[in-house]
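Colleague: Enclosed is the structure file start.pdb (PDB, C-alpha atoms).
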ATOM      1  CA  MET A   1     -68.947  -9.020 -23.108
ATOM      2  CA  SER A   2     -67.356  -5.665 -23.580
ATOM      3  CA  LEU A   3     -67.856  -1.971 -24.039
ATOM      4  CA  ASP A   4     -66.836  -0.575 -27.410
ATOM      5  CA  ILE A   5     -66.478   3.177 -27.892
ATOM      6  CA  TYR A   6     -66.130   4.591 -31.383
ATOM      7  CA  GLY A   7     -65.449   8.101 -32.612
ATOM      8  CA  SER A   8     -66.283   9.191 -36.142
ATOM      9  CA  ILE A   9     -65.807  12.438 -37.996
ATOM     10  CA  PRO A  10     -67.978  13.741 -40.836
ATOM     11  CA  LEU A  11     -66.479  13.500 -44.310
ATOM     12  CA  ALA A  12     -69.117  14.960 -46.593
ATOM     13  CA  GLU A  13     -72.812  15.580 -46.881
ATOM     14  CA  CYS A  14     -74.871  13.062 -48.808
ATOM     15  CA  GLU A  15     -74.904  13.946 -52.486
ATOM     16  CA  CYS A  16     -77.894  11.840 -53.406
ATOM     17  CA  PRO A  17     -80.219  14.070 -55.478
ATOM     18  CA  LYS A  18     -83.261  11.959 -54.631
ATOM     19  CA  CYS A  19     -83.063  11.645 -50.858
ATOM     20  CA  ASN A  20     -82.706  15.283 -49.747
ATOM     21  CA  HIS A  21     -81.861  14.304 -46.147
ATOM     22  CA  GLU A  22     -79.147  15.379 -43.743
ATOM     23  CA  PHE A  23     -77.159  12.163 -43.926
ATOM     24  CA  THR A  24     -73.439  12.643 -43.409
ATOM     25  CA  LYS A  25     -70.748  10.198 -44.497
ATOM     26  CA  THR A  26     -68.300   9.555 -41.671
ATOM     27  CA  GLN A  27     -64.899   8.048 -41.046
ATOM     28  CA  GLU A  28     -64.111   6.180 -37.836
ATOM     29  CA  VAL A  29     -61.065   7.777 -36.215
ATOM     30  CA  PHE A  30     -60.872   5.746 -33.025
ATOM     31  CA  SER A  31     -62.215   2.549 -31.560
ATOM     32  CA  LEU A  32     -61.526   1.255 -28.068
ATOM     33  CA  ASN A  33     -62.755  -1.851 -26.298
ATOM     34  CA  ILE A  34     -62.790  -2.765 -22.575
ATOM     35  CA  THR A  35     -64.478  -5.385 -20.425
ATOM     36  CA  HIS A  36     -67.766  -4.703 -18.646
ATOM     37  CA  ASN A  37     -66.107  -5.986 -15.480
ATOM     38  CA  LEU A  38     -64.693  -2.476 -15.008
ATOM     39  CA  LYS A  39     -68.052  -0.754 -14.757
ATOM     40  CA  GLU A  40     -67.972  -0.701 -10.946
ATOM     41  CA  MET A  41     -64.499   0.862 -10.952
ATOM     42  CA  ALA A  42     -65.757   3.409 -13.479
ATOM     43  CA  LYS A  43     -68.650   4.267 -11.156
ATOM     44  CA  LYS A  44     -66.229   4.879  -8.299
ATOM     45  CA  ALA A  45     -64.144   7.139 -10.587
ATOM     46  CA  HIS A  46     -67.289   9.044 -11.636
ATOM     47  CA  ILE A  47     -67.029   7.995 -15.276
ATOM     48  CA  ALA A  48     -69.870   5.491 -15.478
ATOM     49  CA  ILE A  49     -71.034   7.773 -18.300
ATOM     50  CA  LEU A  50     -68.864   5.584 -20.529
ATOM     51  CA  TRP A  51     -71.513   2.861 -20.185
ATOM     52  CA  ASP A  52     -74.404   5.284 -20.563
ATOM     53  CA  TRP A  53     -76.386   5.602 -23.788
ATOM     54  CA  ASP A  54     -76.495   9.349 -23.087
ATOM     55  CA  ILE A  55     -73.070   9.766 -24.702
ATOM     56  CA  LEU A  56     -74.408   8.387 -27.969
ATOM     57  CA  ASN A  57     -74.069  10.939 -30.773
ATOM     58  CA  LYS A  58     -72.324  13.463 -28.530
ATOM     59  CA  GLN A  59     -68.957  14.920 -29.435
ATOM     60  CA  ALA A  60     -65.845  13.416 -27.855
ATOM     61  CA  TRP A  61     -64.918  16.643 -26.059
ATOM     62  CA  VAL A  62     -67.683  15.957 -23.502
ATOM     63  CA  LEU A  63     -65.535  13.144 -22.098
ATOM     64  CA  ILE A  64     -62.285  15.091 -21.767
ATOM     65  CA  ASN A  65     -62.799  16.695 -18.328
ATOM     66  CA  PRO A  66     -64.412  13.631 -16.690
ATOM     67  CA  LEU A  67     -61.585  11.438 -18.015
ATOM     68  CA  LYS A  68     -58.895  13.836 -16.780
ATOM     69  CA  LYS A  69     -60.435  13.945 -13.303
ATOM     70  CA  ALA A  70     -60.835  10.163 -13.170
ATOM     71  CA  ILE A  71     -57.270   9.524 -14.300
ATOM     72  CA  LEU A  72     -55.835  11.947 -11.733
ATOM     73  CA  ASP A  73     -57.902  10.404  -8.947
ATOM     74  CA  MET A  74     -57.035   6.856  -9.966
ATOM     75  CA  GLU A  75     -53.333   7.706 -10.091
ATOM     76  CA  ALA A  76     -53.554   9.347  -6.663
ATOM     77  CA  HIS A  77     -55.445   6.428  -5.048
ATOM     78  CA  PRO A  78     -54.432   3.199  -6.796
ATOM     79  CA  SER A  79     -55.005   0.954  -3.787
ATOM     80  CA  TYR A  80     -58.609   2.142  -3.489
ATOM     81  CA  TYR A  81     -59.372   1.426  -7.132
ATOM     82  CA  LYS A  82     -57.596  -1.932  -7.073
ATOM     83  CA  GLU A  83     -60.268  -3.058  -4.587
ATOM     84  CA  PHE A  84     -62.651  -3.115  -7.567
ATOM     85  CA  ASN A  85     -60.513  -5.410  -9.701
ATOM     86  CA  ALA A  86     -62.574  -8.241 -11.166
ATOM     87  CA  ASN A  87     -62.157 -11.449  -9.184
ATOM     88  CA  ASN A  88     -61.679 -13.445 -12.376
ATOM     89  CA  GLY A  89     -58.778 -11.207 -13.489
ATOM     90  CA  TRP A  90     -60.688  -9.845 -16.502
ATOM     91  CA  GLY A  91     -60.846  -6.154 -15.646
ATOM     92  CA  THR A  92     -58.144  -4.678 -13.469
ATOM     93  CA  TYR A  93     -56.823  -1.272 -12.495
ATOM     94  CA  LYS A  94     -53.617  -1.937 -14.428
ATOM     95  CA  ASP A  95     -55.686  -2.515 -17.585
ATOM     96  CA  PHE A  96     -58.227   0.251 -17.052
ATOM     97  CA  LEU A  97     -55.930   3.200 -16.352
ATOM     98  CA  PRO A  98     -53.930   2.895 -19.621
ATOM     99  CA  TRP A  99     -57.193   2.352 -21.525
ATOM    100  CA  LEU A 100     -58.628   5.558 -20.045
ATOM    101  CA  LYS A 101     -55.473   7.423 -21.065
ATOM    102  CA  LYS A 102     -55.838   6.115 -24.636
ATOM    103  CA  LEU A 103     -59.470   7.210 -24.684
ATOM    104  CA  LEU A 104     -58.521  10.656 -23.370
ATOM    105  CA  GLU A 105     -55.813  10.963 -26.018
ATOM    106  CA  ALA A 106     -58.303  10.038 -28.752
ATOM    107  CA  CYS A 107     -60.885  12.506 -27.442
ATOM    108  CA  GLU A 108     -58.296  15.280 -27.296
ATOM    109  CA  LYS A 109     -57.047  14.496 -30.805
ATOM    110  CA  TYR A 110     -60.593  14.331 -32.237
ATOM    111  CA  PRO A 111     -62.733  16.488 -29.911
ATOM    112  CA  HIS A 112     -65.489  16.865 -32.516
ATOM    113  CA  ALA A 113     -65.714  13.155 -33.281
ATOM    114  CA  ILE A 114     -69.218  11.784 -32.821
ATOM    115  CA  LEU A 115     -69.381   9.028 -30.199
ATOM    116  CA  ARG A 116     -71.026   5.648 -30.613
ATOM    117  CA  ILE A 117     -71.045   2.829 -28.134
ATOM    118  CA  SER A 118     -71.774  -0.851 -28.296
ATOM    119  CA  LYS A 119     -72.277  -2.906 -25.193
TER     120      LYS A 119
END
Translate the structure of the given file into structure tokens.

Modeller:
Amino acid sequence: MSLDIYGSIPLAECECPKCNHEFTKTQEVFSLNITHNLKEMAKKAHIAILWDWDILNKQAWVLINPLKKAILDMEAHPSYYKEFNANNGWGTYKDFLPWLKKLLEACEKYPHAILRISK
């Protein structure tokens, strides 16, 4: 089981003359996947929002500050966060920190991307 986070940007409004709705065609600009075993570590880093349906349909910029704070704290206190490594080895600090940096980079590159999650 894993958490998938997707970011999509609008391409164009629907041109269907019959539907007259506000449908927007989108293009996925990033997709990242990580194990659920890291949810406890995320809670300790105050970014459990990544597993929260509340980020659904929000713009990626809402994650930038929480990710920056979490990354700085995790880099400053690695031994603390390593205590929350998954016992089975699937979900460790050394995997999570680079993943968070990739997510931050994607959010900074596409701050107006609309977020979707799958868990």

Colleague: Rank A:Val29, A:Met41, A:Ile117, A:Leu104 by their smallest atom-to-atom distance to Ile55 of chain A, using all atoms listed in the file, and report the top residue only.

Modeller: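 That would be A:Ile117, the residue with the smallest distance to Ile55 of chain A.
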
Colleague: Here's the selection I'm unsure about, the PyMOL selection byres ((chain A and resi 58) around 6); applied to the file above, which residues does it give, as a compact mmCIF listing (two decimals) with C-alpha atoms, keeping the file's coordinate frame?

Modeller:
# COMPACT_ATOMS: atom_id res chain seq x y z
CA ILE A 55 -73.07 9.77 -24.70
CA LEU A 56 -74.41 8.39 -27.97
CA ASN A 57 -74.07 10.94 -30.77
CA GLN A 59 -68.96 14.92 -29.44
CA ILE A 114 -69.22 11.78 -32.82
CA LEU A 115 -69.38 9.03 -30.20

Colleague: Work out how far atom CA of Lys101 of chain A is from atom CA of Leu67 of chain A, in Å to one decimal.

Modeller: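 Those two atoms sit 7.9 Å apart.
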
Colleague: With a distance cut-off of 12 Å and all atoms listed in the file, select the neighbouring residues of segment 71-77 of chain A, excluding the residue or stretch itself and same-chain residues fewer than 4 positions from it, and output the selection as an mmCIF file with C-alpha atoms, keeping the file's coordinate frame.

Modeller:
data_model
loop_
_atom_site.group_PDB
_atom_site.id
_atom_site.type_symbol
_atom_site.label_atom_id
_atom_site.label_comp_id
_atom_site.auth_asym_id
_atom_site.auth_seq_id
_atom_site.Cartn_x
_atom_site.Cartn_y
_atom_site.Cartn_z
ATOM 1 C CA MET A 41 -64.499 0.862 -10.952
ATOM 2 C CA ALA A 42 -65.757 3.409 -13.479
ATOM 3 C CA LYS A 43 -68.650 4.267 -11.156
ATOM 4 C CA LYS A 44 -66.229 4.879 -8.299
ATOM 5 C CA ALA A 45 -64.144 7.139 -10.587
ATOM 6 C CA HIS A 46 -67.289 9.044 -11.636
ATOM 7 C CA ILE A 47 -67.029 7.995 -15.276
ATOM 8 C CA LEU A 63 -65.535 13.144 -22.098
ATOM 9 C CA ILE A 64 -62.285 15.091 -21.767
ATOM 10 C CA ASN A 65 -62.799 16.695 -18.328
ATOM 11 C CA PRO A 66 -64.412 13.631 -16.690
ATOM 12 C CA LEU A 67 -61.585 11.438 -18.015
ATOM 13 C CA TYR A 81 -59.372 1.426 -7.132
ATOM 14 C CA LYS A 82 -57.596 -1.932 -7.073
ATOM 15 C CA GLU A 83 -60.268 -3.058 -4.587
ATOM 16 C CA PHE A 84 -62.651 -3.115 -7.567
ATOM 17 C CA TYR A 93 -56.823 -1.272 -12.495
ATOM 18 C CA LYS A 94 -53.617 -1.937 -14.428
ATOM 19 C CA PHE A 96 -58.227 0.251 -17.052
ATOM 20 C CA LEU A 97 -55.930 3.200 -16.352
ATOM 21 C CA PRO A 98 -53.930 2.895 -19.621
ATOM 22 C CA TRP A 99 -57.193 2.352 -21.525
ATOM 23 C CA LEU A 100 -58.628 5.558 -20.045
ATOM 24 C CA LYS A 101 -55.473 7.423 -21.065
ATOM 25 C CA LYS A 102 -55.838 6.115 -24.636
ATOM 26 C CA LEU A 103 -59.470 7.210 -24.684
ATOM 27 C CA LEU A 104 -58.521 10.656 -23.370
ATOM 28 C CA GLU A 105 -55.813 10.963 -26.018
#

Colleague: Can you pull out the residues contacting segment 86-91 of chain A? Cut-off 7 Å, using only C-alpha atoms, and skip same-chain residues under 4 positions away; I want them as a PyMOL selection string.

Modeller: chain A and resi 35+37-38+95

Colleague: Using all atoms of segment 100-118 of chain A that appear in the file, construct an axis-aligned enclosing box with 6 Å of padding on every side and provide its centre coordinates and edge lengths in Å, rounded to one decimal, as JSON.

Modeller:
{"center_x": -63.6, "center_y": 8.0, "center_z": -26.7, "size_x": 28.3, "size_y": 29.7, "size_z": 25.2}

Colleague: Would you write out, as a tab-separated table, a table of all residues in segment 40-81 of chain A that have an atom no more than 9 Å from an atom of segment 2-7 of chain A, listing for each the closest atom pair and the distance in Å to one decimal, considering all atoms listed in the file and ordering rows by chain and rising residue number?

Modeller:
residue	atom	partner	partner_atom	distance
A:Leu50	CA	A:Ile5	CA	8.1
A:Trp51	CA	A:Leu3	CA	7.2
A:Gln59	CA	A:Gly7	CA	8.3
A:Ala60	CA	A:Gly7	CA	7.1

Colleague: Calculated over all atoms listed in the file, which of the candidates A:Gln27, A:Lys69, A:Val62, A:Asp52 has the smallest distance to Lys39 of chain A?

Modeller: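 Among the listed residues, A:Asp52 lies closest to Lys39 of chain A.
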
Colleague: Measuring atom to atom with only C-alpha atoms, identify which of A:Ile49, A:Lys68, A:Pro78, A:Asn85 is nearest to Glu108 of chain A.

Modeller: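 Closest candidate: A:Lys68.
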
Colleague: For each of A:Trp61, A:Met1, A:Ala106, A:Lys119, take the minimum atom-to-atom distance to Phe30 of chain A, counting only C-alpha atoms, then give the residue where this is smallest.

Modeller: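 Using only C-alpha atoms, Phe30 of chain A sits closest to A:Ala106.
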
Colleague: Would you compute the distance between atom CA of Ala113 of chain A and atom CA of Asp54 of chain A? Give it in Å to one decimal.

Modeller: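 Straight-line distance from atom CA of Ala113 of chain A to atom CA of Asp54 of chain A works out to 15.3 Å.
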
Colleague: What does the distance from atom CA of Glu28 of chain A to atom CA of Pro111 of chain A come to in Å, to one decimal?

Modeller: 13.1 Å

Colleague: When you count all atoms listed in the file, which of these residues is closest to Glu40 of chain A: A:Cys107, A:Thr92, A:Ser79, A:Thr26?

Modeller: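 Once distances to Glu40 of chain A are computed over all atoms listed in the file, the minimum belongs to A:Thr92.
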